[in-house]
file data00.cif (mmCIF, C-alpha atoms and all ligand atoms)
data_start
loop_
_atom_site.label_atom_id
_atom_site.label_comp_id
_atom_site.auth_asym_id
_atom_site.auth_seq_id
_atom_site.Cartn_x
_atom_site.Cartn_y
_atom_site.Cartn_z
CA MET U 136 -157.81 12.49 -88.69
CA ASN U 137 -156.30 12.78 -85.21
CA ASN U 138 -152.61 13.25 -84.68
CA ILE U 139 -152.00 12.48 -81.03
CA PRO U 140 -148.35 11.55 -80.44
CA PHE U 141 -147.29 9.50 -77.46
CA PHE U 142 -144.72 12.14 -76.57
CA ASP U 143 -143.78 15.38 -78.32
CA TYR U 144 -140.01 15.86 -77.87
CA PRO U 145 -139.64 19.23 -79.67
CA ALA U 146 -142.34 20.63 -77.38
CA LEU U 147 -139.95 20.32 -74.43
CA TYR U 148 -137.87 23.14 -75.83
CA LYS U 149 -140.73 25.20 -77.25
CA ARG U 150 -142.46 25.45 -73.88
CA PHE U 151 -139.92 27.78 -72.24
CA LYS U 152 -137.85 28.61 -75.32
CA SER U 153 -136.90 32.17 -74.44
CA GLU U 154 -135.91 31.23 -70.87
CA PHE U 155 -133.90 28.23 -72.12
CA ASP U 156 -132.14 30.42 -74.71
CA LYS U 157 -131.21 32.89 -71.97
CA ILE U 158 -129.84 30.11 -69.80
CA PHE U 159 -127.82 28.70 -72.69
CA GLU U 160 -126.29 32.09 -73.41
CA ASP U 161 -125.57 32.81 -69.77
CA VAL U 162 -123.97 29.45 -68.94
CA CYS U 163 -121.94 29.28 -72.16
CA SER U 164 -120.78 32.90 -71.91
CA ARG U 165 -119.49 32.14 -68.42
CA GLY U 166 -117.77 29.01 -69.74
CA ALA U 167 -119.46 27.23 -66.84
CA PHE U 168 -119.66 23.70 -68.19
CA ILE U 169 -118.51 21.27 -65.51
CA LEU U 170 -119.23 21.27 -61.73
CA GLN U 171 -120.25 24.92 -61.54
CA LYS U 172 -122.70 26.88 -59.42
CA ASP U 173 -125.77 26.00 -61.51
CA LEU U 174 -125.27 22.33 -60.62
CA GLU U 175 -124.86 23.16 -56.94
CA GLU U 176 -127.96 25.35 -57.00
CA PHE U 177 -130.03 22.67 -58.72
CA GLU U 178 -128.86 20.09 -56.18
CA PHE U 179 -129.75 22.47 -53.36
CA ASP U 180 -133.23 23.13 -54.81
CA LEU U 181 -133.92 19.43 -55.36
CA ALA U 182 -132.76 18.56 -51.81
CA ASP U 183 -135.07 21.28 -50.51
CA TYR U 184 -138.01 20.00 -52.57
CA LEU U 185 -137.49 16.39 -51.47
CA GLY U 186 -136.61 17.14 -47.87
CA VAL U 187 -133.48 15.04 -48.16
CA LYS U 188 -129.98 15.85 -46.91
CA TYR U 189 -127.75 15.04 -49.89
CA VAL U 190 -128.44 15.26 -53.63
CA TYR U 191 -125.86 14.70 -56.36
CA GLY U 192 -126.52 15.34 -60.03
CA VAL U 193 -125.07 12.56 -62.16
CA ASN U 194 -124.90 11.71 -65.84
CA ASP U 195 -128.02 9.52 -65.93
CA GLY U 196 -130.42 7.47 -63.82
CA THR U 197 -128.59 4.20 -64.48
CA ASN U 198 -125.23 5.41 -63.21
CA ALA U 199 -127.03 6.98 -60.27
CA MET U 200 -127.96 3.42 -59.21
CA VAL U 201 -124.44 2.11 -59.86
CA LEU U 202 -122.97 4.79 -57.58
CA GLY U 203 -125.56 4.12 -54.88
CA LEU U 204 -124.84 0.38 -54.96
CA LEU U 205 -121.06 0.88 -54.89
CA ALA U 206 -121.34 3.33 -52.01
CA HIS U 207 -123.16 0.60 -50.06
CA ASN U 208 -120.38 -1.90 -50.82
CA ILE U 209 -122.66 -4.17 -52.85
CA GLU U 210 -120.32 -6.89 -54.09
CA PRO U 211 -120.20 -9.78 -56.56
CA ASN U 212 -122.77 -12.48 -55.75
CA ASP U 213 -124.77 -10.27 -53.42
CA GLU U 214 -128.45 -10.53 -54.29
CA ILE U 215 -130.78 -7.57 -54.70
CA ILE U 216 -134.52 -8.14 -55.07
CA ILE U 217 -136.26 -6.04 -57.72
CA SER U 218 -139.52 -6.15 -59.62
CA SER U 219 -139.22 -7.74 -63.07
CA HIS U 220 -141.59 -5.01 -64.28
CA THR U 221 -138.82 -2.43 -64.46
CA TYR U 222 -136.51 -0.93 -67.01
CA ILE U 223 -133.50 -3.11 -67.83
CA ALA U 224 -131.44 -0.33 -66.22
CA THR U 225 -132.33 -1.49 -62.69
CA ALA U 226 -131.07 -5.02 -63.33
CA ALA U 227 -128.13 -3.74 -65.39
CA ALA U 228 -126.93 -1.44 -62.59
CA ILE U 229 -126.93 -4.42 -60.22
CA ARG U 230 -125.00 -6.52 -62.76
CA THR U 231 -122.54 -3.68 -63.35
CA VAL U 232 -121.33 -4.01 -59.75
CA GLY U 233 -121.24 -7.82 -60.13
CA ALA U 234 -124.30 -8.50 -58.00
CA ILE U 235 -127.36 -10.55 -58.96
CA PRO U 236 -130.84 -9.16 -59.62
CA VAL U 237 -133.55 -11.46 -58.21
CA PHE U 238 -137.11 -10.91 -59.41
CA ALA U 239 -140.23 -10.41 -57.33
CA ASP U 240 -143.73 -10.37 -58.80
CA ILE U 241 -145.88 -7.27 -59.04
CA GLY U 242 -148.81 -6.60 -56.72
CA SER U 243 -152.28 -5.26 -57.43
CA ASP U 244 -150.94 -1.79 -58.26
CA TYR U 245 -148.44 -3.35 -60.73
CA LEU U 246 -145.49 -2.41 -58.49
CA PHE U 247 -142.95 -4.45 -56.48
CA CYS U 248 -144.81 -6.95 -54.30
CA ALA U 249 -143.36 -7.34 -50.79
CA LYS U 250 -145.14 -10.65 -50.24
CA SER U 251 -143.57 -12.16 -53.35
CA ALA U 252 -140.18 -10.65 -52.43
CA GLU U 253 -140.18 -12.37 -49.03
CA LYS U 254 -140.04 -15.77 -50.75
CA LYS U 255 -136.83 -14.76 -52.53
CA ILE U 256 -134.86 -13.75 -49.44
CA ASN U 257 -131.84 -15.88 -48.48
CA ASN U 258 -128.49 -15.29 -46.79
CA LYS U 259 -127.06 -13.62 -49.92
CA THR U 260 -129.85 -11.03 -50.07
CA LYS U 261 -128.58 -7.53 -49.32
CA ALA U 262 -131.40 -5.21 -50.29
CA LEU U 263 -134.95 -4.72 -51.52
CA MET U 264 -134.99 -2.33 -54.46
CA PRO U 265 -138.49 -1.40 -55.57
CA THR U 266 -139.00 0.59 -58.76
CA GLN U 267 -141.31 3.52 -58.10
CA LEU U 268 -142.95 3.04 -61.46
CA ASN U 269 -145.25 5.24 -63.52
CA GLY U 270 -145.05 8.06 -60.99
CA ARG U 271 -146.36 6.05 -58.05
CA CYS U 272 -144.62 5.25 -54.80
CA THR U 273 -145.35 1.71 -53.69
CA ASN U 274 -146.68 0.97 -50.19
CA MET U 275 -143.42 1.52 -48.31
CA ASP U 276 -144.81 0.33 -44.93
CA LYS U 277 -144.76 -3.22 -46.28
CA ILE U 278 -141.26 -2.86 -47.65
CA ILE U 279 -139.86 -1.28 -44.49
CA GLU U 280 -141.46 -4.03 -42.41
CA LEU U 281 -139.88 -6.71 -44.59
CA ALA U 282 -136.48 -5.00 -44.63
CA ASN U 283 -136.52 -4.72 -40.82
CA LYS U 284 -137.55 -8.34 -40.38
CA TYR U 285 -134.56 -9.61 -42.39
CA ASN U 286 -132.15 -6.75 -41.74
CA LEU U 287 -131.98 -5.63 -45.39
CA ASN U 288 -131.25 -2.30 -47.03
CA ILE U 289 -133.87 -0.47 -49.04
CA PHE U 290 -132.78 1.15 -52.31
CA GLU U 291 -135.24 2.86 -54.66
CA ASP U 292 -135.15 3.12 -58.43
CA SER U 293 -137.24 6.25 -58.43
CA ALA U 294 -136.36 7.23 -62.03
CA GLN U 295 -140.10 7.55 -62.73
CA GLY U 296 -141.08 8.61 -59.24
CA LEU U 297 -139.94 12.20 -58.71
CA GLY U 298 -142.67 13.97 -56.75
CA ALA U 299 -144.65 10.82 -55.91
CA LYS U 300 -145.35 10.31 -52.21
CA PHE U 301 -146.38 7.62 -49.78
CA LYS U 302 -147.76 8.94 -46.48
CA ASN U 303 -146.47 12.35 -47.44
CA LYS U 304 -142.86 11.18 -47.88
CA PHE U 305 -141.24 11.38 -51.30
CA ALA U 306 -140.39 8.31 -53.39
CA GLY U 307 -136.63 7.95 -53.43
CA THR U 308 -136.12 9.17 -49.86
CA PHE U 309 -136.99 6.07 -47.82
CA GLY U 310 -133.83 3.98 -47.86
CA GLY U 311 -130.05 3.91 -48.23
CA PHE U 312 -130.27 5.75 -51.51
CA GLY U 313 -132.79 6.73 -54.17
CA THR U 314 -132.28 7.69 -57.80
CA TYR U 315 -133.99 9.84 -60.41
CA SER U 316 -133.66 10.14 -64.16
CA PHE U 317 -133.92 13.34 -66.19
CA TYR U 318 -134.21 11.55 -69.53
CA PRO U 319 -136.22 13.91 -71.77
CA ALA U 320 -139.50 11.97 -71.53
CA LYS U 321 -139.37 11.78 -67.72
CA VAL U 322 -141.62 14.19 -65.81
CA LEU U 323 -138.55 16.32 -65.04
CA GLY U 324 -136.75 15.89 -68.35
CA CYS U 325 -133.62 17.66 -69.60
CA PHE U 326 -132.19 18.00 -73.12
CA GLY U 327 -130.20 14.81 -73.08
CA ASP U 328 -129.16 12.43 -70.33
CA GLY U 329 -129.21 13.33 -66.66
CA GLY U 330 -129.92 11.84 -63.26
CA ALA U 331 -129.53 12.27 -59.53
CA VAL U 332 -128.82 10.13 -56.51
CA VAL U 333 -130.04 11.12 -53.04
CA THR U 334 -129.35 9.93 -49.51
CA ASN U 335 -129.63 11.04 -45.90
CA ASP U 336 -126.48 9.18 -44.86
CA LYS U 337 -123.40 11.36 -44.60
CA LYS U 338 -120.86 8.58 -45.20
CA ILE U 339 -122.72 7.27 -48.24
CA ALA U 340 -123.05 10.83 -49.52
CA GLU U 341 -119.34 11.42 -49.27
CA LYS U 342 -118.56 8.26 -51.23
CA ILE U 343 -121.00 9.19 -53.97
CA TYR U 344 -119.63 12.73 -54.13
CA GLN U 345 -116.13 11.38 -54.66
CA MET U 346 -117.02 8.55 -57.04
CA ARG U 347 -118.93 10.88 -59.32
CA ASP U 348 -115.73 12.81 -60.03
CA HIS U 349 -112.75 10.45 -60.12
CA GLY U 350 -112.50 9.99 -56.37
CA ARG U 351 -111.82 13.65 -55.68
CA ASN U 352 -112.77 15.10 -52.30
CA GLN U 353 -114.06 18.63 -51.59
CA ASP U 354 -110.50 19.98 -51.99
CA GLY U 355 -110.08 18.37 -55.40
CA VAL U 356 -107.63 15.79 -54.08
CA VAL U 357 -107.96 12.17 -55.27
CA VAL U 358 -108.65 10.09 -52.15
CA SER U 359 -110.47 7.03 -53.54
CA TRP U 360 -111.24 5.21 -56.79
CA GLY U 361 -114.00 6.83 -58.77
CA THR U 362 -115.25 7.46 -62.26
CA ASN U 363 -116.75 10.26 -64.30
CA ALA U 364 -120.50 10.38 -63.70
CA ARG U 365 -121.05 14.15 -63.51
CA LEU U 366 -124.23 15.94 -64.57
CA ASP U 367 -123.43 18.71 -67.10
CA ASN U 368 -123.73 22.14 -65.57
CA LEU U 369 -125.79 23.33 -68.56
CA GLN U 370 -128.35 20.54 -68.07
CA ALA U 371 -128.46 21.39 -64.36
CA ALA U 372 -129.23 25.02 -65.22
CA PHE U 373 -132.14 23.94 -67.46
CA LEU U 374 -133.38 21.54 -64.79
CA LYS U 375 -133.27 24.24 -62.14
CA LEU U 376 -135.75 26.26 -64.19
CA LYS U 377 -137.96 23.23 -64.82
CA LEU U 378 -138.01 22.27 -61.16
CA LYS U 379 -139.57 25.67 -60.39
CA ASN U 380 -142.54 24.71 -62.56
CA TYR U 381 -142.70 21.13 -61.36
CA GLN U 382 -145.79 21.39 -59.21
CA GLU U 383 -147.73 22.82 -62.13
CA ASP U 384 -146.70 19.84 -64.28
CA VAL U 385 -147.72 17.36 -61.60
CA THR U 386 -151.11 19.01 -61.20
CA ARG U 387 -151.73 18.87 -64.95
CA ARG U 388 -150.72 15.21 -65.13
CA ARG U 389 -153.15 14.36 -62.36
CA GLU U 390 -155.90 16.20 -64.26
CA ILE U 391 -155.30 14.09 -67.37
CA ALA U 392 -155.25 10.90 -65.29
CA THR U 393 -158.60 11.94 -63.82
CA ILE U 394 -160.06 12.44 -67.30
CA TYR U 395 -158.90 8.98 -68.39
CA ASN U 396 -160.23 7.43 -65.21
CA ASN U 397 -163.63 9.14 -65.44
CA ASN U 398 -164.08 8.14 -69.08
CA LEU U 399 -162.78 4.59 -68.91
CA LYS U 400 -163.82 3.32 -65.49
CA GLY U 401 -166.37 0.54 -65.41
CA ASN U 402 -165.38 -0.97 -68.75
CA LYS U 403 -164.83 -4.66 -68.06
CA ASN U 404 -162.09 -4.97 -70.68
CA LEU U 405 -159.83 -2.52 -68.87
CA TYR U 406 -157.83 -2.63 -65.64
CA LEU U 407 -157.03 0.98 -64.80
CA PRO U 408 -154.37 2.45 -62.53
CA GLN U 409 -155.54 4.04 -59.31
CA PRO U 410 -157.08 7.50 -59.93
CA PRO U 411 -155.49 10.54 -58.22
CA SER U 412 -158.07 10.85 -55.47
CA SER U 413 -158.36 7.15 -54.65
CA SER U 414 -156.17 7.00 -51.57
CA SER U 415 -154.95 9.32 -48.86
CA LEU U 416 -151.77 7.22 -48.53
CA HIS U 417 -150.53 7.73 -52.08
CA PHE U 418 -149.81 10.84 -54.11
CA ASP U 419 -149.15 9.85 -57.73
CA VAL U 420 -147.55 12.02 -60.41
CA TYR U 421 -148.45 9.87 -63.45
CA GLN U 422 -145.12 9.62 -65.24
CA ASN U 423 -147.16 7.18 -67.32
CA TYR U 424 -150.79 6.16 -67.55
CA GLU U 425 -150.32 2.42 -67.75
CA LEU U 426 -153.33 0.13 -67.83
CA ALA U 427 -154.05 -3.46 -68.74
CA ALA U 428 -156.41 -4.06 -71.66
CA GLU U 429 -158.05 -7.14 -73.16
CA ASN U 430 -157.08 -7.64 -76.82
CA ARG U 431 -154.26 -5.18 -76.25
CA ASP U 432 -152.54 -5.60 -79.61
CA GLU U 433 -155.76 -5.21 -81.63
CA LEU U 434 -156.71 -2.19 -79.53
CA ARG U 435 -153.29 -0.67 -80.15
CA SER U 436 -153.60 -1.13 -83.93
CA TYR U 437 -157.10 0.35 -83.86
CA LEU U 438 -155.86 3.43 -82.01
CA PHE U 439 -152.87 3.72 -84.33
CA ALA U 440 -155.15 3.67 -87.38
CA LYS U 441 -157.09 6.54 -85.76
CA GLY U 442 -153.95 8.61 -85.32
CA ILE U 443 -153.42 7.84 -81.62
CA LYS U 444 -149.97 6.61 -80.59
CA THR U 445 -149.59 4.39 -77.56
CA LEU U 446 -146.61 2.50 -76.15
CA VAL U 447 -146.03 -0.83 -74.45
CA GLN U 448 -143.50 -0.35 -71.68
CA TRP U 449 -140.00 -1.90 -72.11
CA GLY U 450 -140.90 -2.97 -75.65
CA GLY U 451 -143.37 -5.41 -74.07
CA THR U 452 -140.73 -7.41 -72.21
CA PRO U 453 -140.20 -7.59 -68.44
CA VAL U 454 -136.61 -8.37 -67.46
CA HIS U 455 -137.17 -12.10 -66.84
CA TRP U 456 -138.37 -12.56 -70.45
CA LEU U 457 -135.04 -11.41 -71.91
CA ASN U 458 -133.73 -14.72 -73.21
CA LYS U 459 -130.69 -13.09 -74.83
CA LEU U 460 -129.59 -12.32 -71.26
CA GLY U 461 -129.93 -15.97 -70.29
CA TYR U 462 -133.39 -15.83 -68.73
CA ASP U 463 -136.07 -18.41 -69.55
CA LYS U 464 -139.54 -17.02 -68.85
CA ASN U 465 -140.92 -20.54 -68.38
CA LYS U 466 -138.74 -20.98 -65.32
CA PHE U 467 -140.43 -18.07 -63.56
CA ASN U 468 -143.91 -19.43 -63.00
CA ASP U 469 -143.97 -17.64 -59.64
CA LEU U 470 -144.14 -14.31 -61.52
CA ASN U 471 -147.73 -14.95 -62.56
CA HIS U 472 -149.03 -11.48 -62.18
CA THR U 473 -146.15 -9.97 -64.17
CA ASN U 474 -146.67 -12.55 -66.93
CA TRP U 475 -150.40 -11.78 -67.00
CA PHE U 476 -149.77 -8.05 -67.07
CA PHE U 477 -147.36 -8.09 -70.00
CA ASP U 478 -149.91 -9.69 -72.30
CA LYS U 479 -152.18 -6.74 -71.62
CA CYS U 480 -150.24 -3.65 -70.55
CA LEU U 481 -150.46 -0.42 -72.52
CA MET U 482 -149.53 3.20 -71.93
CA LEU U 483 -151.81 6.01 -73.15
CA PRO U 484 -150.43 9.43 -74.10
CA LEU U 485 -149.99 11.54 -70.96
CA ASN U 486 -147.79 14.58 -71.28
CA MET U 487 -147.78 18.36 -71.01
CA THR U 488 -148.96 18.96 -74.59
CA LEU U 489 -152.00 16.66 -74.46
CA THR U 490 -155.24 18.65 -74.30
CA ASN U 491 -158.40 17.68 -72.41
CA LYS U 492 -160.12 17.25 -75.75
CA GLU U 493 -157.42 14.87 -76.94
CA ALA U 494 -157.65 12.84 -73.71
CA LYS U 495 -161.40 12.54 -74.36
CA ILE U 496 -160.77 11.43 -77.97
CA VAL U 497 -158.31 8.78 -76.79
CA SER U 498 -160.82 7.48 -74.23
CA ASP U 499 -163.75 7.53 -76.67
CA THR U 500 -161.76 5.68 -79.31
CA ILE U 501 -160.87 2.95 -76.79
CA LEU U 502 -164.53 2.54 -75.81
CA GLU U 503 -165.52 2.52 -79.49
CA PHE U 504 -163.06 -0.35 -80.11
CA TYR U 505 -164.65 -2.52 -77.41
CA GLU U 506 -168.15 -1.58 -78.56
CA LYS U 507 -167.30 -2.78 -82.10
CA ASN U 508 -165.62 -5.97 -80.88
CA LYS U 509 -168.27 -7.20 -78.48
C1 LIG T 601 -135.66 5.93 -67.24
C2 LIG T 601 -135.48 4.85 -66.25
C3 LIG T 601 -134.21 4.48 -65.75
C4 LIG T 601 -132.89 4.95 -66.28
O1 LIG T 601 -132.71 6.21 -66.53
P1 LIG T 601 -131.59 6.76 -67.50
O2 LIG T 601 -131.47 8.17 -67.08
O3 LIG T 601 -132.11 6.60 -68.90
O4 LIG T 601 -130.33 5.98 -67.27
C5 LIG T 601 -134.15 3.53 -64.76
N1 LIG T 601 -135.25 2.94 -64.27
C6 LIG T 601 -136.47 3.26 -64.71
C7 LIG T 601 -137.66 2.61 -64.10
C8 LIG T 601 -136.62 4.19 -65.73
O5 LIG T 601 -137.85 4.46 -66.19
#

call {"tool": "encode", "arguments": {"input": "data00.cif", "output": "structure tokens"}}
result
Amino acid sequence: MNNIPFFDYPALYKRFKSEFDKIFEDVCSRGAFILQKDLEEFEFDLADYLGVKYVYGVNDGTNAMVLGLLAHNIEPNDEIIISSHTYIATAAAIRTVGAIPVFADIGSDYLFCAKSAEKKINNKTKALMPTQLNGRCTNMDKIIELANKYNLNIFEDSAQGLGAKFKNKFAGTFGGFGTYSFYPAKVLGCFGDGGAVVTNDKKIAEKIYQMRDHGRNQDGVVVSWGTNARLDNLQAAFLKLKLKNYQEDVTRRREIATIYNNNLKGNKNLYLPQPPSSSSLHFDVYQNYELAAENRDELRSYLFAKGIKTLVQWGGTPVHWLNKLGYDKNKFNDLNHTNWFFDKCLMLPLNMTLTNKEAKIVSDTILEFYEKNK
């Protein structure tokens, strides 16, 4: 019997255990818990990696978005266009500052569709905010063109997009701000909650710097209203080590995606994500391997019975299906592609502990299911 988990959380620690233990001892012995040099060094390294001017470590990817929105003076009743195929966090961050999330459909790569977004623009619209989902940066040419046409900001929820590129430019670095999450299961995961917000705009950067720590400026003097949204120094120290190995992780993820693609392509029951080598415009890091599959629920049960764990993103619910939040999915018949996708979408295991053999077993078991259910 197989035992292929969707994600192995204890393995995060096991992988570099002795280095992590050393870091823990070092940071704790120094008593360096809040806003210390390890955080500054991690921010410096991440800025260097991304080629961006300002990086601030914050407590999680959701608050990263809240700070970015506040720094841009997004106000009650402003409208921000997002994809409904996103984590509730994107919409929640917009609601937290009083603004209104407006949903665009997904395009052929299952990401924010600029064409659909254009139909939602009105005089309250302030920004386009694509989610750089599953480790892929959407086609930013289309988004920049649309933003320029209507004089809108671009913000990026790049929680799943660290390392992904479009035309050699990193996801999260295109607009007024971009955000990342270091939730443990993210490609760059820490041992708890963590996030970062990045920008190239000095004024925005200064506001975020202050808001993250109770409105204090570089001299520690309170000069504006803020909150506590700091990234723990200890988490930053762990992340600094992990960032050094990041390229290796990305390479491995692309290998696994290639195995899935090679084994599964051509099956008419499956709609696969773009393989790593498919385009010179995109560089994908495969935070997730998300596909659409006919008879998704039966397939999932079949895999489960064979010891293979899969996941349906967001518990199977795009934001506009959340009726407890006041949305009625029947009123969104312009989100056809998203509605279609959520009857079929499925994520296969893709992580640093998955072996090539296991990726082959997962693929073979999927093909076996469709062979049996012809
Ligand atoms: C993980 C995630 C977030 C939020 O990150 P947290 O660090 O958990 O707050 C936001 N958006 C997307 C698309 C995510 O996947």

call {"tool": "residues_around", "arguments": {"input": "data00.cif", "residues": "range 175-192 of chain U", "least_positions_apart": "4", "cutoff": "10 Å", "atoms": "all atoms listed in the file", "output": "JSON, numbers by chain"}}
result
{"U": [170, 171, 196, 199, 297, 298, 300, 304, 305, 306, 307, 308, 309, 312, 313, 314, 315, 316, 317, 329, 330, 331, 332, 333, 334, 335, 336, 337, 339, 340, 341, 343, 344, 347, 364, 365, 366, 367, 368, 370, 371, 372, 373, 374, 375, 376, 378, 379]}

call {"tool": "closest_residue", "arguments": {"input": "data00.cif", "among": "U:Leu399, U:Lys261, U:Gln345, U:Lys302", "to": "Ser415 in chain U", "atoms": "only C-alpha atoms"}}
result
U:Lys302

call {"tool": "closest_residue", "arguments": {"input": "data00.cif", "among": "U:Asn269, U:Cys325, U:Ile443, U:Lys509", "to": "Met136 in chain U", "atoms": "all atoms listed in the file"}}
result
U:Ile443

call {"tool": "atom_distance", "arguments": {"input": "data00.cif", "atom1": "CA of Phe467 in chain U", "atom2": "CA of Leu204 in chain U"}}
result
25.6 Å

call {"tool": "residues_near_ligand", "arguments": {"input": "data00.cif", "ligand": "ligand LIG 601 (chain T)", "cutoff": "6 Å", "atoms": "only C-alpha atoms and all ligand atoms", "output": "PyMOL selection string"}}
result
chain U and resi 195-197+221-222+224-225+266+268+292+294-295+316-318+328-330

call {"tool": "atom_distance", "arguments": {"input": "data00.cif", "atom1": "CA of Phe504 in chain U", "atom2": "CA of Lys403 in chain U"}}
result
12.9 Å

call {"tool": "residues_around", "arguments": {"input": "data00.cif", "residues": "Ile217 in chain U", "least_positions_apart": "6", "cutoff": "6 Å", "atoms": "only C-alpha atoms", "output": "number ranges by chain"}}
result
U: 238-239, 264-265

call {"tool": "residues_near_point", "arguments": {"input": "data00.cif", "point": "(-138.6, -3.0, -58.5)", "cutoff": "12 Å", "atoms": "all atoms listed in the file", "output": "tab-separated table (two decimals) with C-alpha atoms, keeping the file's coordinate frame"}}
result
chain	number	residue	atom	x	y	z
U	215	ILE	CA	-130.78	-7.57	-54.70
U	216	ILE	CA	-134.52	-8.14	-55.07
U	217	ILE	CA	-136.26	-6.04	-57.72
U	218	SER	CA	-139.52	-6.15	-59.62
U	219	SER	CA	-139.22	-7.74	-63.07
U	220	HIS	CA	-141.59	-5.01	-64.28
U	221	THR	CA	-138.82	-2.43	-64.46
U	222	TYR	CA	-136.51	-0.93	-67.01
U	223	ILE	CA	-133.50	-3.11	-67.83
U	224	ALA	CA	-131.44	-0.33	-66.22
U	225	THR	CA	-132.33	-1.49	-62.69
U	226	ALA	CA	-131.07	-5.02	-63.33
U	229	ILE	CA	-126.93	-4.42	-60.22
U	236	PRO	CA	-130.84	-9.16	-59.62
U	237	VAL	CA	-133.55	-11.46	-58.21
U	238	PHE	CA	-137.11	-10.91	-59.41
U	239	ALA	CA	-140.23	-10.41	-57.33
U	240	ASP	CA	-143.73	-10.37	-58.80
U	241	ILE	CA	-145.88	-7.27	-59.04
U	242	GLY	CA	-148.81	-6.60	-56.72
U	245	TYR	CA	-148.44	-3.35	-60.73
U	246	LEU	CA	-145.49	-2.41	-58.49
U	247	PHE	CA	-142.95	-4.45	-56.48
U	248	CYS	CA	-144.81	-6.95	-54.30
U	249	ALA	CA	-143.36	-7.34	-50.79
U	251	SER	CA	-143.57	-12.16	-53.35
U	252	ALA	CA	-140.18	-10.65	-52.43
U	262	ALA	CA	-131.40	-5.21	-50.29
U	263	LEU	CA	-134.95	-4.72	-51.52
U	264	MET	CA	-134.99	-2.33	-54.46
U	265	PRO	CA	-138.49	-1.40	-55.57
U	266	THR	CA	-139.00	0.59	-58.76
U	267	GLN	CA	-141.31	3.52	-58.10
U	268	LEU	CA	-142.95	3.04	-61.46
U	269	ASN	CA	-145.25	5.24	-63.52
U	271	ARG	CA	-146.36	6.05	-58.05
U	272	CYS	CA	-144.62	5.25	-54.80
U	273	THR	CA	-145.35	1.71	-53.69
U	278	ILE	CA	-141.26	-2.86	-47.65
U	289	ILE	CA	-133.87	-0.47	-49.04
U	290	PHE	CA	-132.78	1.15	-52.31
U	291	GLU	CA	-135.24	2.86	-54.66
U	292	ASP	CA	-135.15	3.12	-58.43
U	293	SER	CA	-137.24	6.25	-58.43
U	294	ALA	CA	-136.36	7.23	-62.03
U	295	GLN	CA	-140.10	7.55	-62.73
U	296	GLY	CA	-141.08	8.61	-59.24
U	453	PRO	CA	-140.20	-7.59	-68.44
U	454	VAL	CA	-136.61	-8.37	-67.46
U	473	THR	CA	-146.15	-9.97	-64.17

call {"tool": "closest_residue", "arguments": {"input": "data00.cif", "among": "U:Pro140, U:Gly350, U:Pro411, U:Gly311", "to": "Ile394 in chain U", "atoms": "all atoms listed in the file"}}
result
U:Pro411

call {"tool": "residues_around", "arguments": {"input": "data00.cif", "residues": "Glu383 in chain U", "least_positions_apart": "4", "cutoff": "12 Å", "atoms": "only C-alpha atoms", "output": "short mmCIF file (atom, residue, chain, number, x, y, z; two decimals) with C-alpha atoms, in the frame of the given file"}}
result
data_model
loop_
_atom_site.label_atom_id
_atom_site.label_comp_id
_atom_site.auth_asym_id
_atom_site.auth_seq_id
_atom_site.Cartn_x
_atom_site.Cartn_y
_atom_site.Cartn_z
CA GLY U 298 -142.67 13.97 -56.75
CA VAL U 322 -141.62 14.19 -65.81
CA LEU U 323 -138.55 16.32 -65.04
CA LYS U 377 -137.96 23.23 -64.82
CA LEU U 378 -138.01 22.27 -61.16
CA LYS U 379 -139.57 25.67 -60.39
CA ARG U 387 -151.73 18.87 -64.95
CA ARG U 388 -150.72 15.21 -65.13
CA ARG U 389 -153.15 14.36 -62.36
CA GLU U 390 -155.90 16.20 -64.26
CA VAL U 420 -147.55 12.02 -60.41
CA MET U 487 -147.78 18.36 -71.01
#

call {"tool": "residues_around", "arguments": {"input": "data00.cif", "residues": "range 430-442 of chain U", "least_positions_apart": "6", "cutoff": "9 Å", "atoms": "all atoms listed in the file", "output": "VMD selection string"}}
result
chain U and resid 136 to 140 404 478 to 481 497 500 to 501 504 to 505

call {"tool": "closest_residue", "arguments": {"input": "data00.cif", "among": "U:Gln448, U:Asn423, U:Asn274, U:Ser164", "to": "Leu485 in chain U", "atoms": "all atoms listed in the file"}}
result
U:Asn423

call {"tool": "atom_distance", "arguments": {"input": "data00.cif", "atom1": "CA of Ala299 in chain U", "atom2": "CA of Leu369 in chain U"}}
result
25.9 Å

call {"tool": "build_atoms", "arguments": {"input": "data00.cif", "residues": "range 300-305 of chain U", "atoms": "N, CA and C atoms", "output": "short mmCIF file (atom, residue, chain, number, x, y, z; two decimals), in the frame of the given file"}}
result
data_model
loop_
_atom_site.label_atom_id
_atom_site.label_comp_id
_atom_site.auth_asym_id
_atom_site.auth_seq_id
_atom_site.Cartn_x
_atom_site.Cartn_y
_atom_site.Cartn_z
N LYS U 300 -145.50 10.44 -53.66
CA LYS U 300 -145.35 10.31 -52.21
C LYS U 300 -146.14 9.12 -51.68
N PHE U 301 -145.61 8.58 -50.59
CA PHE U 301 -146.38 7.62 -49.78
C PHE U 301 -146.40 8.16 -48.36
N LYS U 302 -147.58 8.31 -47.80
CA LYS U 302 -147.76 8.94 -46.48
C LYS U 302 -146.96 10.24 -46.38
N ASN U 303 -147.06 11.02 -47.43
CA ASN U 303 -146.47 12.35 -47.44
C ASN U 303 -144.94 12.38 -47.49
N LYS U 304 -144.32 11.24 -47.76
CA LYS U 304 -142.86 11.18 -47.88
C LYS U 304 -142.53 10.83 -49.33
N PHE U 305 -141.53 11.52 -49.87
CA PHE U 305 -141.24 11.38 -51.30
C PHE U 305 -140.60 10.04 -51.67
#
